[in-house]
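A.B. asks: PDB, C-alpha atoms, file upload_9.pdb:
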ATOM      1  CA  MET A   1      17.763 -15.854 -11.762
ATOM      2  CA  VAL A   2      19.047 -15.507 -15.334
ATOM      3  CA  PRO A   3      19.648 -19.024 -16.651
ATOM      4  CA  ALA A   4      22.426 -17.880 -19.018
ATOM      5  CA  HIS A   5      25.042 -17.561 -16.254
ATOM      6  CA  ALA A   6      24.918 -21.209 -15.239
ATOM      7  CA  GLY A   7      28.336 -20.914 -13.610
ATOM      8  CA  ALA A   8      26.891 -19.247 -10.532
ATOM      9  CA  GLU A   9      24.400 -21.982  -9.764
ATOM     10  CA  THR A  10      26.281 -25.215  -9.477
ATOM     11  CA  GLU A  11      25.200 -28.143  -7.376
ATOM     12  CA  ARG A  12      27.762 -26.976  -4.831
ATOM     13  CA  SER A  13      25.992 -23.643  -4.393
ATOM     14  CA  TYR A  14      22.722 -25.409  -3.499
ATOM     15  CA  ARG A  15      24.482 -27.785  -1.095
ATOM     16  CA  ILE A  16      26.305 -24.949   0.715
ATOM     17  CA  GLY A  17      23.077 -22.954   0.942
ATOM     18  CA  PHE A  18      21.224 -25.963   2.322
ATOM     19  CA  LEU A  19      23.898 -26.730   4.931
ATOM     20  CA  LEU A  20      24.083 -23.099   6.093
ATOM     21  CA  SER A  21      20.278 -22.988   6.342
ATOM     22  CA  VAL A  22      20.152 -26.201   8.400
ATOM     23  CA  VAL A  23      22.837 -24.844  10.769
ATOM     24  CA  LEU A  24      21.015 -21.507  11.195
ATOM     25  CA  THR A  25      17.633 -23.228  11.722
ATOM     26  CA  VAL A  26      19.016 -25.655  14.307
ATOM     27  CA  LEU A  27      20.775 -22.744  16.018
ATOM     28  CA  ALA A  28      17.547 -20.707  16.263
ATOM     29  CA  PHE A  29      15.481 -23.623  17.618
ATOM     30  CA  ALA A  30      18.274 -24.632  20.040
ATOM     31  CA  VAL A  31      18.512 -21.106  21.469
ATOM     32  CA  VAL A  32      14.790 -21.177  22.327
ATOM     33  CA  LEU A  33      14.445 -24.844  23.329
ATOM     34  CA  LEU A  34      17.615 -25.369  25.374
ATOM     35  CA  GLY A  35      17.518 -22.095  27.296
ATOM     36  CA  GLU A  36      21.310 -21.813  27.540
ATOM     37  CA  VAL A  37      21.278 -18.204  26.303
ATOM     38  CA  PRO A  38      20.331 -15.318  28.668
ATOM     39  CA  ARG A  39      16.652 -14.395  28.174
ATOM     40  CA  SER A  40      17.382 -10.866  26.991
ATOM     41  CA  LEU A  41      19.596 -12.199  24.170
ATOM     42  CA  ILE A  42      17.173 -14.821  22.809
ATOM     43  CA  VAL A  43      15.178 -12.495  20.518
ATOM     44  CA  PRO A  44      18.267 -10.717  19.058
ATOM     45  CA  CYS A  45      19.846 -14.156  18.456
ATOM     46  CA  ILE A  46      16.904 -15.689  16.567
ATOM     47  CA  VAL A  47      16.253 -12.486  14.577
ATOM     48  CA  ALA A  48      19.909 -12.420  13.497
ATOM     49  CA  ALA A  49      19.738 -16.123  12.549
ATOM     50  CA  ALA A  50      16.577 -15.494  10.488
ATOM     51  CA  ALA A  51      18.093 -12.474   8.705
ATOM     52  CA  ALA A  52      21.244 -14.486   7.938
ATOM     53  CA  GLN A  53      19.192 -17.407   6.645
ATOM     54  CA  MET A  54      17.123 -15.122   4.377
ATOM     55  CA  LEU A  55      20.361 -13.756   2.889
ATOM     56  CA  VAL A  56      21.657 -17.324   2.415
ATOM     57  CA  HIS A  57      18.460 -18.266   0.549
ATOM     58  CA  LEU A  58      18.632 -15.131  -1.606
ATOM     59  CA  SER A  59      22.224 -15.661  -2.672
ATOM     60  CA  TYR A  60      22.573 -19.482  -2.795
ATOM     61  CA  PHE A  61      19.047 -20.519  -3.919
ATOM     62  CA  LEU A  62      17.756 -17.484  -5.814
ATOM     63  CA  HIS A  63      21.259 -16.424  -6.986
ATOM     64  CA  LEU A  64      20.491 -12.757  -6.464
ATOM     65  CA  SER A  65      23.734 -10.818  -6.905
ATOM     66  CA  ALA A  66      25.163  -7.481  -7.972
ATOM     67  CA  ALA A  67      25.881  -8.838 -11.488
ATOM     68  CA  PRO A  68      25.049  -6.299 -14.235
ATOM     69  CA  GLU A  69      22.324  -8.502 -15.805
ATOM     70  CA  GLN A  70      20.530  -8.551 -12.452
ATOM     71  CA  ARG A  71      20.519  -4.794 -11.901
ATOM     72  CA  TRP A  72      16.735  -4.459 -12.287
ATOM     73  CA  ASN A  73      16.002  -7.473 -10.117
ATOM     74  CA  LEU A  74      18.227  -6.025  -7.421
ATOM     75  CA  LEU A  75      16.681  -2.563  -7.743
ATOM     76  CA  ALA A  76      13.144  -3.985  -7.419
ATOM     77  CA  PHE A  77      14.341  -5.988  -4.431
ATOM     78  CA  ALA A  78      15.890  -2.943  -2.742
ATOM     79  CA  PHE A  79      12.668  -0.977  -3.245
ATOM     80  CA  THR A  80      10.660  -3.874  -1.752
ATOM     81  CA  VAL A  81      12.941  -3.977   1.289
ATOM     82  CA  LEU A  82      12.321  -0.240   1.764
ATOM     83  CA  ILE A  83       8.519  -0.713   1.609
ATOM     84  CA  ILE A  84       8.688  -3.666   4.007
ATOM     85  CA  ALA A  85      10.785  -1.600   6.441
ATOM     86  CA  ILE A  86       8.234   1.236   6.325
ATOM     87  CA  VAL A  87       5.211  -1.089   6.699
ATOM     88  CA  LEU A  88       6.694  -3.181   9.517
ATOM     89  CA  GLY A  89       8.650  -0.473  11.344
ATOM     90  CA  GLY A  90       5.884   2.109  10.953
ATOM     91  CA  SER A  91       3.130  -0.232  12.187
ATOM     92  CA  LEU A  92       5.100  -1.320  15.230
ATOM     93  CA  TRP A  93       6.217   2.213  16.070
ATOM     94  CA  ILE A  94       2.729   3.726  15.823
ATOM     95  CA  MET A  95       0.924   0.886  17.581
ATOM     96  CA  TYR A  96       3.482   0.753  20.395
ATOM     97  CA  HIS A  97       3.014   4.464  21.136
ATOM     98  CA  LEU A  98      -0.771   4.205  20.785
ATOM     99  CA  HIS A  99      -0.721   1.339  23.270
ATOM    100  CA  GLU A 100       1.361   3.427  25.704
ATOM    101  CA  GLN A 101      -1.056   6.365  25.426
ATOM    102  CA  MET A 102      -4.119   4.183  25.947
ATOM    103  CA  MET A 103      -2.586   2.646  29.043
ATOM    104  CA  GLY A 104      -2.162   6.131  30.556
ATOM    105  CA  ALA A 105      -5.785   7.053  29.892
ATOM    106  CA  ASP A 106      -7.501   5.264  32.740
ATOM    107  CA  PRO A 107     -10.189   7.263  34.659
ATOM    108  CA  MET A 108      -8.075   7.646  37.802
ATOM    109  CA  ASN A 109      -5.342   9.496  35.928
ATOM    110  CA  LEU A 110      -7.851  11.779  34.211
ATOM    111  CA  VAL A 111      -9.183  12.979  37.547
ATOM    112  CA  SER A 112      -5.810  13.465  39.192
ATOM    113  CA  GLY A 113      -4.554  15.899  36.574
ATOM    114  CA  ASN A 114      -2.485  13.623  34.308
ATOM    115  CA  PRO A 115      -0.833  15.617  31.459
ATOM    116  CA  HIS A 116      -2.737  13.409  28.997
ATOM    117  CA  ALA A 117      -5.998  14.684  30.457
ATOM    118  CA  VAL A 118      -5.496  18.344  29.522
ATOM    119  CA  GLY A 119      -8.553  18.382  27.272
ATOM    120  CA  HIS A 120     -10.805  16.997  30.040
ATOM    121  CA  PRO A 121     -11.369  19.573  32.787
TER     122      PRO A 121
ATOM    123  CA  MET B   1      25.277 -18.110 -50.101
ATOM    124  CA  THR B   2      23.424 -14.844 -49.547
ATOM    125  CA  ALA B   3      20.164 -16.737 -49.033
ATOM    126  CA  ILE B   4      21.669 -18.853 -46.282
ATOM    127  CA  THR B   5      23.125 -15.814 -44.578
ATOM    128  CA  LEU B   6      19.730 -14.136 -44.660
ATOM    129  CA  GLN B   7      18.071 -17.214 -43.246
ATOM    130  CA  GLU B   8      20.702 -17.417 -40.548
ATOM    131  CA  ARG B   9      20.179 -13.791 -39.710
ATOM    132  CA  GLU B  10      16.458 -14.358 -39.349
ATOM    133  CA  LEU B  11      17.100 -17.315 -37.079
ATOM    134  CA  VAL B  12      19.463 -15.316 -34.903
ATOM    135  CA  ALA B  13      16.980 -12.439 -34.768
ATOM    136  CA  ALA B  14      14.177 -14.833 -33.810
ATOM    137  CA  SER B  15      16.222 -16.435 -31.045
ATOM    138  CA  HIS B  16      17.185 -12.996 -29.710
ATOM    139  CA  GLU B  17      13.531 -12.040 -29.693
ATOM    140  CA  HIS B  18      12.699 -15.222 -27.844
ATOM    141  CA  ALA B  19      15.439 -14.649 -25.257
ATOM    142  CA  ALA B  20      14.204 -11.087 -24.700
ATOM    143  CA  ALA B  21      10.628 -12.341 -24.200
ATOM    144  CA  ALA B  22      11.817 -15.008 -21.739
ATOM    145  CA  GLN B  23      13.811 -12.405 -19.819
ATOM    146  CA  ALA B  24      10.807 -10.079 -19.686
ATOM    147  CA  ALA B  25       8.622 -12.921 -18.360
ATOM    148  CA  GLU B  26      11.199 -13.714 -15.722
ATOM    149  CA  PHE B  27      11.485 -10.093 -14.605
ATOM    150  CA  GLY B  28       7.697  -9.744 -14.548
ATOM    151  CA  PHE B  29       7.459 -12.776 -12.305
ATOM    152  CA  TRP B  30      10.174 -11.329 -10.046
ATOM    153  CA  LEU B  31       8.056  -8.166  -9.682
ATOM    154  CA  TYR B  32       5.063 -10.321  -8.713
ATOM    155  CA  ILE B  33       7.229 -12.046  -6.075
ATOM    156  CA  MET B  34       8.280  -8.640  -4.731
ATOM    157  CA  SER B  35       4.632  -7.527  -4.469
ATOM    158  CA  ASP B  36       3.846 -10.797  -2.669
ATOM    159  CA  CYS B  37       6.661  -9.916  -0.234
ATOM    160  CA  VAL B  38       4.823  -6.659   0.534
ATOM    161  CA  LEU B  39       1.572  -8.625   1.040
ATOM    162  CA  PHE B  40       3.324 -10.830   3.587
ATOM    163  CA  ALA B  41       4.908  -7.770   5.225
ATOM    164  CA  THR B  42       1.420  -6.379   5.940
ATOM    165  CA  LEU B  43       0.348  -9.730   7.424
ATOM    166  CA  PHE B  44       3.518  -9.825   9.545
ATOM    167  CA  ALA B  45       2.851  -6.253  10.701
ATOM    168  CA  GLY B  46      -0.727  -7.202  11.629
ATOM    169  CA  TYR B  47       0.506 -10.227  13.508
ATOM    170  CA  ALA B  48       3.212  -8.267  15.335
ATOM    171  CA  VAL B  49       0.673  -5.688  16.497
ATOM    172  CA  LEU B  50      -1.976  -8.241  17.555
ATOM    173  CA  SER B  51       0.265 -11.033  18.866
ATOM    174  CA  GLY B  52      -0.282  -9.949  22.482
ATOM    175  CA  SER B  53      -4.076  -9.618  22.252
ATOM    176  CA  TYR B  54      -5.118 -12.984  23.713
ATOM    177  CA  ALA B  55      -8.609 -11.851  24.874
ATOM    178  CA  GLY B  56      -8.365 -14.307  27.756
ATOM    179  CA  GLY B  57      -7.637 -17.150  25.320
ATOM    180  CA  PRO B  58      -4.488 -19.269  25.036
ATOM    181  CA  THR B  59      -1.039 -17.795  24.277
ATOM    182  CA  GLY B  60       1.527 -19.064  21.790
ATOM    183  CA  ARG B  61       3.284 -20.746  24.689
ATOM    184  CA  ASP B  62       0.185 -22.853  25.360
ATOM    185  CA  LEU B  63      -0.417 -23.793  21.722
ATOM    186  CA  PHE B  64       2.869 -24.147  19.810
ATOM    187  CA  HIS B  65       4.818 -27.371  19.763
ATOM    188  CA  LEU B  66       8.318 -26.453  18.547
ATOM    189  CA  PRO B  67       9.631 -29.950  17.595
ATOM    190  CA  TYR B  68       6.601 -30.270  15.281
ATOM    191  CA  VAL B  69       7.407 -26.880  13.694
ATOM    192  CA  PHE B  70      11.050 -27.954  13.332
ATOM    193  CA  VAL B  71       9.993 -30.992  11.257
ATOM    194  CA  GLU B  72       7.782 -28.740   9.075
ATOM    195  CA  THR B  73      10.741 -26.373   8.596
ATOM    196  CA  MET B  74      13.073 -29.208   7.573
ATOM    197  CA  LEU B  75      10.515 -30.566   5.076
ATOM    198  CA  LEU B  76      10.245 -27.177   3.371
ATOM    199  CA  LEU B  77      14.008 -26.546   3.464
ATOM    200  CA  THR B  78      14.808 -29.964   1.949
ATOM    201  CA  SER B  79      12.182 -29.349  -0.736
ATOM    202  CA  SER B  80      14.020 -26.122  -1.611
ATOM    203  CA  LEU B  81      17.201 -28.153  -2.158
ATOM    204  CA  SER B  82      15.465 -30.744  -4.351
ATOM    205  CA  CYS B  83      13.805 -27.898  -6.286
ATOM    206  CA  GLY B  84      17.320 -26.511  -6.898
ATOM    207  CA  PHE B  85      18.409 -29.927  -8.191
ATOM    208  CA  ALA B  86      15.404 -29.939 -10.553
ATOM    209  CA  THR B  87      16.545 -26.542 -11.895
ATOM    210  CA  LEU B  88      20.101 -27.856 -12.418
ATOM    211  CA  ALA B  89      18.742 -30.912 -14.261
ATOM    212  CA  LEU B  90      16.657 -28.543 -16.399
ATOM    213  CA  HIS B  91      19.774 -26.552 -17.387
ATOM    214  CA  ARG B  92      21.501 -29.807 -18.346
ATOM    215  CA  GLY B  93      18.433 -30.882 -20.331
ATOM    216  CA  GLU B  94      17.886 -34.079 -18.328
ATOM    217  CA  ARG B  95      14.152 -34.589 -18.660
ATOM    218  CA  ALA B  96      13.819 -37.705 -16.457
ATOM    219  CA  ARG B  97      15.789 -36.084 -13.635
ATOM    220  CA  VAL B  98      13.711 -32.921 -13.799
ATOM    221  CA  ARG B  99      10.601 -35.042 -13.249
ATOM    222  CA  ARG B 100      12.219 -37.075 -10.459
ATOM    223  CA  TRP B 101      13.384 -34.015  -8.496
ATOM    224  CA  LEU B 102      10.069 -32.243  -9.054
ATOM    225  CA  LEU B 103       8.315 -35.294  -7.646
ATOM    226  CA  VAL B 104      10.608 -35.302  -4.575
ATOM    227  CA  THR B 105       9.940 -31.567  -4.101
ATOM    228  CA  GLY B 106       6.197 -32.129  -4.421
ATOM    229  CA  VAL B 107       6.138 -34.983  -1.890
ATOM    230  CA  LEU B 108       8.117 -32.917   0.655
ATOM    231  CA  GLY B 109       5.876 -29.895   0.044
ATOM    232  CA  LEU B 110       2.779 -32.069   0.431
ATOM    233  CA  GLY B 111       4.150 -33.339   3.755
ATOM    234  CA  PHE B 112       4.487 -29.728   4.902
ATOM    235  CA  VAL B 113       0.930 -28.808   3.884
ATOM    236  CA  VAL B 114      -0.511 -31.967   5.509
ATOM    237  CA  MET B 115       1.295 -31.157   8.782
ATOM    238  CA  GLU B 116       0.035 -27.574   8.719
ATOM    239  CA  VAL B 117      -3.564 -28.602   7.976
ATOM    240  CA  ALA B 118      -3.356 -31.134  10.841
ATOM    241  CA  GLU B 119      -2.133 -28.349  13.164
ATOM    242  CA  PHE B 120      -4.972 -26.015  12.104
ATOM    243  CA  ARG B 121      -7.539 -28.825  12.483
ATOM    244  CA  GLN B 122      -6.306 -29.603  15.981
ATOM    245  CA  LEU B 123      -6.473 -25.921  16.991
ATOM    246  CA  ILE B 124     -10.002 -25.488  15.638
ATOM    247  CA  LEU B 125     -11.230 -28.751  17.229
ATOM    248  CA  GLU B 126      -9.911 -27.532  20.591
ATOM    249  CA  ASP B 127     -11.969 -24.358  20.128
ATOM    250  CA  ASN B 128      -8.870 -22.251  19.438
ATOM    251  CA  GLY B 129      -9.894 -21.164  15.942
ATOM    252  CA  PRO B 130      -9.422 -17.705  14.389
ATOM    253  CA  ASP B 131     -12.539 -16.448  16.241
ATOM    254  CA  LYS B 132     -10.964 -16.982  19.674
ATOM    255  CA  SER B 133      -8.767 -13.877  19.885
ATOM    256  CA  ALA B 134      -7.072 -11.214  17.756
ATOM    257  CA  PHE B 135      -3.837 -13.147  18.250
ATOM    258  CA  LEU B 136      -5.337 -16.293  16.725
ATOM    259  CA  SER B 137      -7.025 -14.317  13.894
ATOM    260  CA  ALA B 138      -3.658 -12.844  12.944
ATOM    261  CA  PHE B 139      -1.987 -16.249  13.328
ATOM    262  CA  PHE B 140      -4.426 -18.008  10.995
ATOM    263  CA  ALA B 141      -4.282 -15.141   8.479
ATOM    264  CA  LEU B 142      -0.476 -15.124   8.267
ATOM    265  CA  VAL B 143       0.294 -18.855   8.496
ATOM    266  CA  GLY B 144      -2.778 -19.742   6.419
ATOM    267  CA  THR B 145      -1.794 -17.374   3.598
ATOM    268  CA  HIS B 146       1.656 -18.954   3.477
ATOM    269  CA  GLY B 147       0.125 -22.452   3.502
ATOM    270  CA  THR B 148      -2.225 -21.496   0.665
ATOM    271  CA  HIS B 149       0.762 -20.301  -1.378
ATOM    272  CA  VAL B 150       2.511 -23.637  -0.806
ATOM    273  CA  ALA B 151      -0.648 -25.533  -1.813
ATOM    274  CA  ILE B 152      -0.892 -23.469  -5.033
ATOM    275  CA  GLY B 153       2.799 -24.216  -5.658
ATOM    276  CA  LEU B 154       1.981 -27.938  -5.364
ATOM    277  CA  ILE B 155      -0.791 -27.649  -7.976
ATOM    278  CA  TRP B 156       1.642 -25.778 -10.263
ATOM    279  CA  MET B 157       4.202 -28.547  -9.696
ATOM    280  CA  ALA B 158       1.679 -31.265 -10.609
ATOM    281  CA  VAL B 159       0.838 -29.394 -13.830
ATOM    282  CA  MET B 160       4.556 -29.078 -14.686
ATOM    283  CA  LEU B 161       5.104 -32.817 -14.096
ATOM    284  CA  VAL B 162       2.471 -33.515 -16.742
ATOM    285  CA  GLN B 163       3.824 -30.824 -19.111
ATOM    286  CA  VAL B 164       7.401 -32.116 -18.876
ATOM    287  CA  ARG B 165       6.107 -35.610 -19.635
ATOM    288  CA  ILE B 166       3.934 -34.601 -22.592
ATOM    289  CA  LYS B 167       5.759 -31.596 -24.095
ATOM    290  CA  GLY B 168       9.320 -32.191 -22.966
ATOM    291  CA  LEU B 169      11.708 -29.384 -21.991
ATOM    292  CA  THR B 170      10.565 -26.851 -24.605
ATOM    293  CA  PRO B 171      11.555 -23.189 -24.041
ATOM    294  CA  ALA B 172       8.035 -22.413 -22.772
ATOM    295  CA  VAL B 173       8.054 -25.329 -20.294
ATOM    296  CA  ALA B 174      11.599 -24.457 -19.204
ATOM    297  CA  GLY B 175      10.526 -20.873 -18.490
ATOM    298  CA  ARG B 176       7.609 -22.067 -16.360
ATOM    299  CA  LEU B 177       9.890 -24.431 -14.418
ATOM    300  CA  GLU B 178      12.333 -21.556 -13.862
ATOM    301  CA  ARG B 179       9.572 -19.355 -12.413
ATOM    302  CA  LEU B 180       8.163 -22.203 -10.324
ATOM    303  CA  SER B 181      11.567 -22.633  -8.661
ATOM    304  CA  VAL B 182      11.753 -18.885  -7.899
ATOM    305  CA  PHE B 183       8.249 -19.115  -6.357
ATOM    306  CA  TRP B 184       9.202 -22.154  -4.278
ATOM    307  CA  HIS B 185      12.450 -20.652  -2.924
ATOM    308  CA  PHE B 186      10.553 -17.444  -2.108
ATOM    309  CA  LEU B 187       8.017 -19.405  -0.025
ATOM    310  CA  ASP B 188      10.858 -20.907   1.970
ATOM    311  CA  ILE B 189      12.207 -17.402   2.715
ATOM    312  CA  ILE B 190       8.761 -16.336   3.986
ATOM    313  CA  TRP B 191       8.641 -19.467   6.152
ATOM    314  CA  VAL B 192      11.939 -18.432   7.823
ATOM    315  CA  GLY B 193      10.128 -15.278   8.947
ATOM    316  CA  VAL B 194       7.057 -17.270  10.047
ATOM    317  CA  PHE B 195       8.860 -19.805  12.210
ATOM    318  CA  THR B 196      11.024 -17.098  13.772
ATOM    319  CA  VAL B 197       8.379 -14.431  14.481
ATOM    320  CA  VAL B 198       5.319 -16.643  15.089
ATOM    321  CA  TYR B 199       6.557 -19.900  16.559
ATOM    322  CA  LEU B 200       9.943 -19.215  18.181
ATOM    323  CA  MET B 201       9.026 -15.782  19.596
ATOM    324  CA  GLY B 202       5.528 -17.046  20.447
ATOM    325  CA  ALA B 203       6.948 -19.918  22.480
ATOM    326  CA  LEU B 204       9.131 -17.645  24.646
TER     327      LEU B 204
END
Would you give me this structure, written as structure tokens?
C.D. replies:
Amino acid sequence: MVPAHAGAETERSYRIGFLLSVVLTVLAFAVVLLGEVPRSLIVPCIVAAAAAQMLVHLSYFLHLSAAPEQRWNLLAFAFTVLIIAIVLGGSLWIMYHLHEQMMGADPMNLVSGNPHAVGHP
Amino acid sequence: MTAITLQERELVAASHEHAAAAQAAEFGFWLYIMSDCVLFATLFAGYAVLSGSYAGGPTGRDLFHLPYVFVETMLLLTSSLSCGFATLALHRGERARVRRWLLVTGVLGLGFVVMEVAEFRQLILEDNGPDKSAFLSAFFALVGTHGTHVAIGLIWMAVMLVQVRIKGLTPAVAGRLERLSVFWHFLDIIWVGVFTVVYLMGAL
């Protein structure tokens, strides 16, 4: 980020970041395309690969670090991560439960005394 | 003797002022990037909620061609590397190399945008446009917003190619190049989320 500390961003840093990203990308596509991994593990695998690749980009390409001159950048970043977690996690949580509730509310269940139908005598 | 010292002091003060202004501009741009992250988070949330609402239309499995997406991903990733090389050339003050690497980055980025537009065109021609289902609305909103960002980055890059040629690597031009590279790397990070959540999970 700050151009003054040129030591952190050598050509090597970009090459390592690029190589790691290629490996993680190939890994994620291979897991889905080749089907060697058990189905239940596919999503955790590709999500982990994506999270790792985002961290690689942040540290090797954007040079985000805990260095004192980057304190404010890091603080803004941490706050953004918090907001993203609330927006994404909150939306999924609420909509998943709403979906569940709507599924239970079919006319048959209302008549047969489903707990969800308390307000409908 | 005293006069020179005074002049020197003024110069030092001016350069400090300039460095502070450059740092403020850089931090301001970082805050913009963070707010753009939140924008994309809302689009991702919308997509995640609507990604199962096919309305009798096609699913991601029917539509997505993963090898094609892999090529797009590699184009954008390689452009991130060449953008990094442009930044390194900038710090070494090598004007010709800055232009060369910017050009490479621009060509790779253009390849990505052309591939994405071709994909959208194909989908719409096959009557699978954003009006088909909530899933496709969310898909076009998320992937299209990312594509628009990349296209804007390309315009910025073209402008910088001209500025580097005409003005050289002045502090103002250098600052703009610095921020352009932050923007470009950020778009690649968003794309990691897009290909994972939209294409890979959609193809399962």
A.B. asks: Record the distance separating CA of Pro58 in chain B and CA of Ala51 in chain A, expressed in Å with one decimal.
C.D. replies: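 Computing it gives 28.7 Å between the two atoms.
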A.B. asks: Select, counting all atoms listed in the file, all protein, DNA and RNA residues no farther than 7 Å from (19.0, -24.1, -1.2) in file coordinates, and express the selection as a list of chain:residue names.
C.D. replies: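 Collected hits near the coordinates: A:Tyr14, A:Arg15, A:Gly17, A:Phe18, A:His57, A:Tyr60, A:Phe61, B:Ser80, B:Leu81, B:Gly84.
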A.B. asks: Can you give me, as an mmCIF file with C-alpha atoms, in the coordinates of the input, the residues this file yields under the ChimeraX specification (/B :<6) & /A?
C.D. replies:
data_model
loop_
_atom_site.group_PDB
_atom_site.id
_atom_site.type_symbol
_atom_site.label_atom_id
_atom_site.label_comp_id
_atom_site.auth_asym_id
_atom_site.auth_seq_id
_atom_site.Cartn_x
_atom_site.Cartn_y
_atom_site.Cartn_z
ATOM 1 C CA MET A 54 17.123 -15.122 4.377
ATOM 2 C CA ILE A 84 8.688 -3.666 4.007
ATOM 3 C CA LEU A 88 6.694 -3.181 9.517
#
A.B. asks: Selection in question (the file shown): the PyMOL selection byres ((chain A and resi 46) around 10). Which residues does it include, as a list in words?
C.D. replies: Leu24, Thr25, Leu27, Ala28, Phe29, Ala30, Val31, Val32, Leu41, Ile42, Val43, Pro44, Cys45, Val47, Ala48, Ala49, Ala50, Ala51 and Ala52 of chain A; Thr196, Val197, Leu200 and Met201 of chain B
A.B. asks: Tell me, in Å to one decimal, how far CA of Leu58 in chain A is from CA of Asn73 in chain A.
C.D. replies: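 Computed distance, CA of Leu58 in chain A to CA of Asn73 in chain A, equals 11.7 Å.
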A.B. asks: One decimal, in Å: what's the spacing between CA of Glu126 in chain B and CA of Leu63 in chain B?
C.D. replies: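 Computing it gives 10.3 Å between the two atoms.
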A.B. asks: With distances taken over only C-alpha atoms, which of B:Gly109, B:Gly153, B:Asp62, B:Pro171 is nearest to Leu123 in chain B?
C.D. replies: B:Asp62
A.B. asks: I'd like to see the residues matched by the PyMOL selection byres ((chain B and resi 135) around 9) on this file, and ideally I'd get them as number ranges by chain.
C.D. replies: B: 47, 49-55, 57, 59-60, 130, 132-134, 136-140
